[in-house]
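Here's the structure we're looking at; comments come further down.
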Amino acid sequence: MTFSLDLALLWLDLAGVFFFAVSGSLLAARKQFDIVGSLLLASLVGLGGGVIRDIIINAGPPAAFGNPIYLLPPLLATVLVYFLFSSVQRFTSLLTLFDAGGLALFCITGTLKALTAGLNPIAAVLLGVTTAVGGGLLRDVTANEVPQLFDARDLYALPAFLGAALTATLWHFEGFNGWTAGLVAAVVFAFRVTAWRRSWYVPLAVRGWHRLGAESTGNLRARD
Amino acid sequence: MTFSLDLALLWLDLAGVFFFAVSGSLLAARKQFDIVGSLLLASLVGLGGGVIRDIIINAGPPAAFGNPIYLLPPLLATVLVYFLFSSVQRFTSLLTLFDAGGLALFCITGTLKALTAGLNPIAAVLLGVTTAVGGGLLRDVTANEVPQLFDARDLYALPAFLGAALTATLWHFEGFNGWTAGLVAAVVFAFRVTAWRRSWYVPLAVRGWHRLGAESTGNLRARD
Amino acid sequence: MTFSLDLALLWLDLAGVFFFAVSGSLLAARKQFDIVGSLLLASLVGLGGGVIRDIIINAGPPAAFGNPIYLLPPLLATVLVYFLFSSVQRFTSLLTLFDAGGLALFCITGTLKALTAGLNPIAAVLLGVTTAVGGGLLRDVTANEVPQLFDARDLYALPAFLGAALTATLWHFEGFNGWTAGLVAAVVFAFRVTAWRRSWYVPLAVRGWHRLGAESTGNLRARD
């Protein structure tokens with residue numbers, strides 16, 4: 001099998017844009033935005049992480065502005081949600097699944113783009129995670145929600161970190177190709193979705209604090 | 001008439017910065033920020049869209065940092081609002097009018113800057129819209145409001161899109177000059193203000209949903 | 001004393017990153033984020049302002065992505081808050097003190113980096129203020145709080161502006177070295193903390209409005 005890295009990267013990137021764009025349109029639907037707002041939120045989520053990535057790599061205008069094909073996935077997502085969403089029953093599940101798909105693909109493409117641009121592996125992993133979580137963060141901040149990224153009830157950044165680290169490792173040992181890319185994406189997707197369904201979690205930010213202890217810290221909110 | 005594109009662009013851009021800066025200071029006034037916060041929000045709204053545009057075009061430091069004259073409009077806006085606002089009766093109207101003025105000018109200058117930097121017409125239109133809606137989006141997100149951009153009760157992005165598309169078309173057919181620029185700005189401004197006053201709207205993000213149907217989707221907010 | 005500007009800048013920058021990172025982890029603790037969210041918010045606050053600065057200066061990838069040592073302060077801050085925070089009594093004081101430390105150092109390093117990159121002094125001061133307030137603004141917007149920057153009850157941006165202006169002045173008269181840098185940082189820190197403890201404030205955004213007048217403007221929130 002001949003493996004064209006650039007073409008594979010483009011397709012993976014476009015698929016990631018589409019998944020995130022659907023999650024944006026779904027949130028727009030839930031917040032009663034109109035169809036233009038749906039298109040805008042789909043574009044912001046789908047393209048935002050990649051634009052941040054390309055600005056940081058600093059290699060010419062971001063791909064989303066250089067190649068008009070990047071505008072198709074948000075358009076498609078908006079149309080799909082417009083026609084198909086009214087029959088959807090399990091809204092949050094759907095949003096989380098599409099979001100997980102975007103996460104699984106973007107942690108790979110973000111890391112790869114950084115590596116091919118010559119960044120060191122640590123920076124590349126960091127940029128992969130930034131790309132993967134950036135779009136969703138923009139989506140939630142813009143729609144005035146507490147970011148899913150910071151929801152202590154499930155894992156969000158860890159799967160992205162795992163995917164970025166696996167990608168950088170495979171790249172280093174020259175084991176990165178279409179098959180391993182698909183495998184990494186599947187692992188990240190499965191990790192993210194399982195963590196969400198089983199409510200896996202990591203410790204809170206402070207040792208000895210527990211998830212039910214909100215009231216015990218309520219007094220900390222006052223200005224002391 | 002000799003038409004100096006660069007100089008005209010600078011003046012249009014500065015006027016747009018001023019309009020958006022006034023909208024920032026007005027929001028700061030309503031939110032009871034102090035005068036330093038008013039200056040900061042005026043600067044963020046007036047200069048934010050253009051800084052994002054210049055970072056994406058990637059042609060040296062953004063104009064707002066390269067040319068100190070860009071700092072004058074936010075200063076002027078802060079002083080104006082400080083001395084004149086206490087007698088204002090129709091706050092929301094005023095904010096919307098100034099915001100519409102900024103929108104009308106920035107969709108033109110954003111598109112033009114992208115075209116002169118060599119971006120393709122589709123990317124230029126996209127960047128024009130980004131520039132026009134970016135500052136207002138930063139304003140509303142920073143001040144912790146739901147962005148006006150996503151308000152389903154009126155049109156916000158469509159006028160910007162129209163202005164950017166008209167600008168790119170005029171440029172392509174070499175019909176862009178001071179007169180046509182003024183005409184495009186007037187059309188965008190009139191479109192935006194009329195849409196706001198008459199409550200024009202487009203369909204919601206999902207087919208078959210209606211504006212009064214908020215309660216019917218309330219159950220979707222629970223984690224299902 | 002031999003004064004290596006680059007090395008001094010790196011150390012000051014890293015110390016600023018650490019102070020801001022602690023403020024991010026403290027806010028994550030208060031908001032009941034988990035330990036991964038704590039690390040992410042620490043990184044966003046500690047590195048965000050500098051990344052914005054480096055993107056605007058446009059001299060290659062941001063320092064945070066080019067030099068892995070920048071990842072240590074957020075890691076350290078997360079671990080420290082995890083082990084030590086449960087015994088903390090005066091939460092807001094601590095967050096404000098660390099935030100003030102970051103502010104005092106970043107207004108200096110931001111201005112210096114801009115000056116050494118060849119920006120004019122006015123732009124350098126502006127970029128110094130942007131760097132100093134940028135991280136905290138990202139922290140508060142991301143965690144869905146009204147930014148401390150806009151809190152009319154105390155001064156936040158003025159100390160940063162003073163520090164940036166002093167740095168640019170010292171640089172211009174070739175009086176900038178390790179001692180004067182420390183002095184400027186101490187002045188900014190003392191100014192910020194004193195303003196906070198004594199509730200110093202500047203006038204509101206509109207002449208004749210007073211801090212207790214919230215109810216008199218409540219009717220302005222309606223769409224008129």
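By order of appearance in the structure tokens: chains A, B, ..., then residues from 1 within every chain, and ligands from 1 in the order shown.
Near chain B, within 6 Å and using only C-alpha atoms, the residues of chain C are Ile56, Ile57, Ala123, Phe150, Ala152, Pro203, Leu204, Ala205, Val206 and Arg207 of chain C.
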> If you count only C-alpha atoms, which residues fall within 7 Å of segment 161-175 of chain C, apart from same-chain ones fewer than 3 positions away, as a PyMOL selection string?
Replying inline: chain C and resi 107-108+111+121+125+128-129+157-158+184+188
Could you give me, as a ChimeraX atom specification, the residues within 7 Å of Ala124 of chain C, counting only C-alpha atoms and dropping anything in the same chain fewer than 5 positions from it? /C:111,114-115,119
Inset, instruction - as a VMD selection string, list the residues of segment 13-74 of chain B assigned to alpha helix (DSSP H) by DSSP on the backbone atoms of this structure. - result: chain B and resid 13 to 30 35 to 57 63 to 66 72 to 74
Export of the given selection (N, CA and C atoms) as a compact mmCIF listing (two decimals), in the first residue's frame:
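Listing of out_30.txt after writing:
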```txt
# COMPACT_ATOMS: atom_id res chain seq x y z
N ASP B 13 -10.82 51.63 8.35
CA ASP B 13 -10.48 50.75 9.46
C ASP B 13 -10.57 51.52 10.77
N LEU B 14 -10.02 52.73 10.81
CA LEU B 14 -10.05 53.54 12.03
C LEU B 14 -11.48 53.88 12.42
N ALA B 15 -12.31 54.20 11.42
CA ALA B 15 -13.71 54.50 11.71
C ALA B 15 -14.41 53.28 12.29
N GLY B 16 -14.13 52.11 11.70
CA GLY B 16 -14.71 50.87 12.23
C GLY B 16 -14.26 50.60 13.65
N VAL B 17 -12.96 50.83 13.92
CA VAL B 17 -12.45 50.66 15.28
C VAL B 17 -13.21 51.57 16.24
N PHE B 18 -13.43 52.82 15.83
CA PHE B 18 -14.13 53.76 16.70
C PHE B 18 -15.55 53.29 17.01
N PHE B 19 -16.30 52.87 15.97
CA PHE B 19 -17.67 52.42 16.20
C PHE B 19 -17.72 51.24 17.17
N PHE B 20 -16.89 50.25 16.91
CA PHE B 20 -16.88 49.08 17.79
C PHE B 20 -16.43 49.47 19.20
N ALA B 21 -15.45 50.39 19.29
CA ALA B 21 -14.95 50.81 20.60
C ALA B 21 -16.06 51.46 21.41
N VAL B 22 -16.90 52.28 20.74
CA VAL B 22 -18.03 52.89 21.46
C VAL B 22 -18.96 51.80 21.98
N SER B 23 -19.22 50.78 21.16
CA SER B 23 -20.10 49.71 21.62
C SER B 23 -19.50 49.01 22.85
N GLY B 24 -18.16 48.87 22.88
CA GLY B 24 -17.51 48.27 24.03
C GLY B 24 -17.65 49.13 25.28
N SER B 25 -17.43 50.44 25.13
CA SER B 25 -17.55 51.34 26.28
C SER B 25 -18.99 51.40 26.78
N LEU B 26 -19.95 51.32 25.86
CA LEU B 26 -21.35 51.33 26.27
C LEU B 26 -21.67 50.09 27.09
N LEU B 27 -21.18 48.93 26.65
CA LEU B 27 -21.44 47.71 27.42
C LEU B 27 -20.75 47.79 28.78
N ALA B 28 -19.51 48.36 28.81
CA ALA B 28 -18.80 48.53 30.08
C ALA B 28 -19.61 49.42 31.02
N ALA B 29 -20.23 50.46 30.46
CA ALA B 29 -21.05 51.36 31.28
C ALA B 29 -22.23 50.60 31.87
N ARG B 30 -22.91 49.81 31.03
CA ARG B 30 -24.08 49.08 31.50
C ARG B 30 -23.72 48.06 32.57
N ILE B 35 -13.62 53.11 34.62
CA ILE B 35 -13.21 53.76 33.37
C ILE B 35 -12.03 53.04 32.72
N VAL B 36 -11.20 52.37 33.54
CA VAL B 36 -10.11 51.57 32.96
C VAL B 36 -10.69 50.33 32.25
N GLY B 37 -11.69 49.71 32.89
CA GLY B 37 -12.35 48.59 32.25
C GLY B 37 -13.05 49.01 30.96
N SER B 38 -13.58 50.23 30.95
CA SER B 38 -14.22 50.77 29.76
C SER B 38 -13.20 50.90 28.62
N LEU B 39 -12.01 51.43 28.95
CA LEU B 39 -10.95 51.57 27.95
C LEU B 39 -10.49 50.21 27.44
N LEU B 40 -10.38 49.23 28.37
CA LEU B 40 -9.93 47.90 27.97
C LEU B 40 -10.94 47.21 27.07
N LEU B 41 -12.23 47.31 27.43
CA LEU B 41 -13.24 46.65 26.61
C LEU B 41 -13.36 47.35 25.26
N ALA B 42 -13.25 48.69 25.26
CA ALA B 42 -13.27 49.43 24.00
C ALA B 42 -12.11 48.97 23.10
N SER B 43 -10.93 48.80 23.68
CA SER B 43 -9.76 48.37 22.90
C SER B 43 -9.95 46.95 22.39
N LEU B 44 -10.44 46.07 23.27
CA LEU B 44 -10.61 44.66 22.89
C LEU B 44 -11.59 44.54 21.72
N VAL B 45 -12.72 45.25 21.80
CA VAL B 45 -13.73 45.15 20.75
C VAL B 45 -13.24 45.83 19.47
N GLY B 46 -12.66 47.05 19.64
CA GLY B 46 -12.24 47.81 18.47
C GLY B 46 -11.07 47.15 17.75
N LEU B 47 -10.14 46.62 18.51
CA LEU B 47 -8.91 46.12 17.90
C LEU B 47 -8.87 44.61 17.75
N GLY B 48 -9.71 43.89 18.54
CA GLY B 48 -9.64 42.42 18.56
C GLY B 48 -9.87 41.77 17.21
N GLY B 49 -10.92 42.18 16.50
CA GLY B 49 -11.21 41.58 15.21
C GLY B 49 -10.07 41.77 14.23
N GLY B 50 -9.50 42.98 14.21
CA GLY B 50 -8.40 43.28 13.30
C GLY B 50 -7.12 42.53 13.66
N VAL B 51 -6.88 42.35 14.98
CA VAL B 51 -5.69 41.60 15.39
C VAL B 51 -5.81 40.14 14.96
N ILE B 52 -6.99 39.54 15.15
CA ILE B 52 -7.22 38.17 14.68
C ILE B 52 -7.00 38.09 13.17
N ARG B 53 -7.57 39.07 12.44
CA ARG B 53 -7.40 39.10 10.98
C ARG B 53 -5.93 39.15 10.59
N ASP B 54 -5.15 40.05 11.23
CA ASP B 54 -3.75 40.22 10.84
C ASP B 54 -2.90 39.02 11.24
N ILE B 55 -3.27 38.37 12.35
CA ILE B 55 -2.54 37.15 12.76
C ILE B 55 -2.78 36.04 11.73
N ILE B 56 -4.02 35.93 11.25
CA ILE B 56 -4.34 34.89 10.27
C ILE B 56 -3.66 35.16 8.93
N ILE B 57 -3.68 36.44 8.49
CA ILE B 57 -3.00 36.79 7.24
C ILE B 57 -1.50 36.58 7.38
N ALA B 63 -1.66 45.47 12.70
CA ALA B 63 -1.68 46.92 12.51
C ALA B 63 -1.85 47.64 13.83
N ALA B 64 -2.69 47.10 14.73
CA ALA B 64 -2.97 47.77 15.99
C ALA B 64 -1.72 47.93 16.84
N PHE B 65 -0.73 47.03 16.66
CA PHE B 65 0.51 47.12 17.43
C PHE B 65 1.60 47.84 16.65
N GLY B 66 1.45 47.90 15.33
CA GLY B 66 2.48 48.54 14.52
C GLY B 66 2.30 50.04 14.39
N LEU B 72 -5.95 55.64 19.31
CA LEU B 72 -6.76 56.84 19.53
C LEU B 72 -8.27 56.56 19.56
N PRO B 73 -8.83 55.79 18.61
CA PRO B 73 -10.29 55.58 18.65
C PRO B 73 -10.80 55.00 19.98
N PRO B 74 -10.15 53.96 20.56
CA PRO B 74 -10.65 53.49 21.86
C PRO B 74 -10.58 54.55 22.95
```
Would you pick out the contacts of Arg197 of chain B at 12 Å or less, using only C-alpha atoms, so that residues sharing its chain but fewer than 3 positions from it are not included, and give the list as JSON, numbers by chain? {"B": [92, 93, 96, 97, 153, 154, 155, 190, 191, 192, 193, 194, 200, 201], "C": [223, 224]}
List the spatial neighbours of Ala8 of chain B as a compact mmCIF listing (two decimals) with C-alpha atoms, in the first residue's frame - criterion: any atom at most 12 Å away, only C-alpha atoms, same-chain residues fewer than 3 positions off excluded.
```txt
# COMPACT_ATOMS: atom_id res chain seq x y z
CA THR B 2 -7.20 59.78 -7.30
CA PHE B 3 -8.03 56.89 -5.06
CA SER B 4 -5.33 55.85 -2.61
CA LEU B 5 -6.41 52.40 -1.52
CA TRP B 11 -9.50 55.61 7.45
CA LEU B 12 -12.27 53.04 7.01
CA ASP B 13 -10.48 50.75 9.46
CA LEU B 14 -10.05 53.54 12.03
CA ALA B 15 -13.71 54.50 11.71
CA LEU B 105 -16.86 48.88 7.82
CA ILE B 108 -15.12 45.61 3.87
CA THR B 109 -11.65 46.27 5.31
CA LEU B 112 -9.82 43.91 1.28
CA LYS B 113 -6.81 43.24 3.52
CA PHE B 176 -13.87 48.82 -6.01
CA ASN B 177 -13.25 52.48 -5.15
CA GLY B 178 -14.19 55.07 -2.53
CA TRP B 179 -17.72 55.45 -3.86
CA ALA B 181 -16.98 51.17 -0.70
CA GLY B 182 -19.29 53.79 0.81
```
* Residue neighbourhood Gln148 of chain C, 8 Å, only C-alpha atoms, exclusion window fewer than 6 positions, as number ranges by chain -> C: 136-137, 140, 156
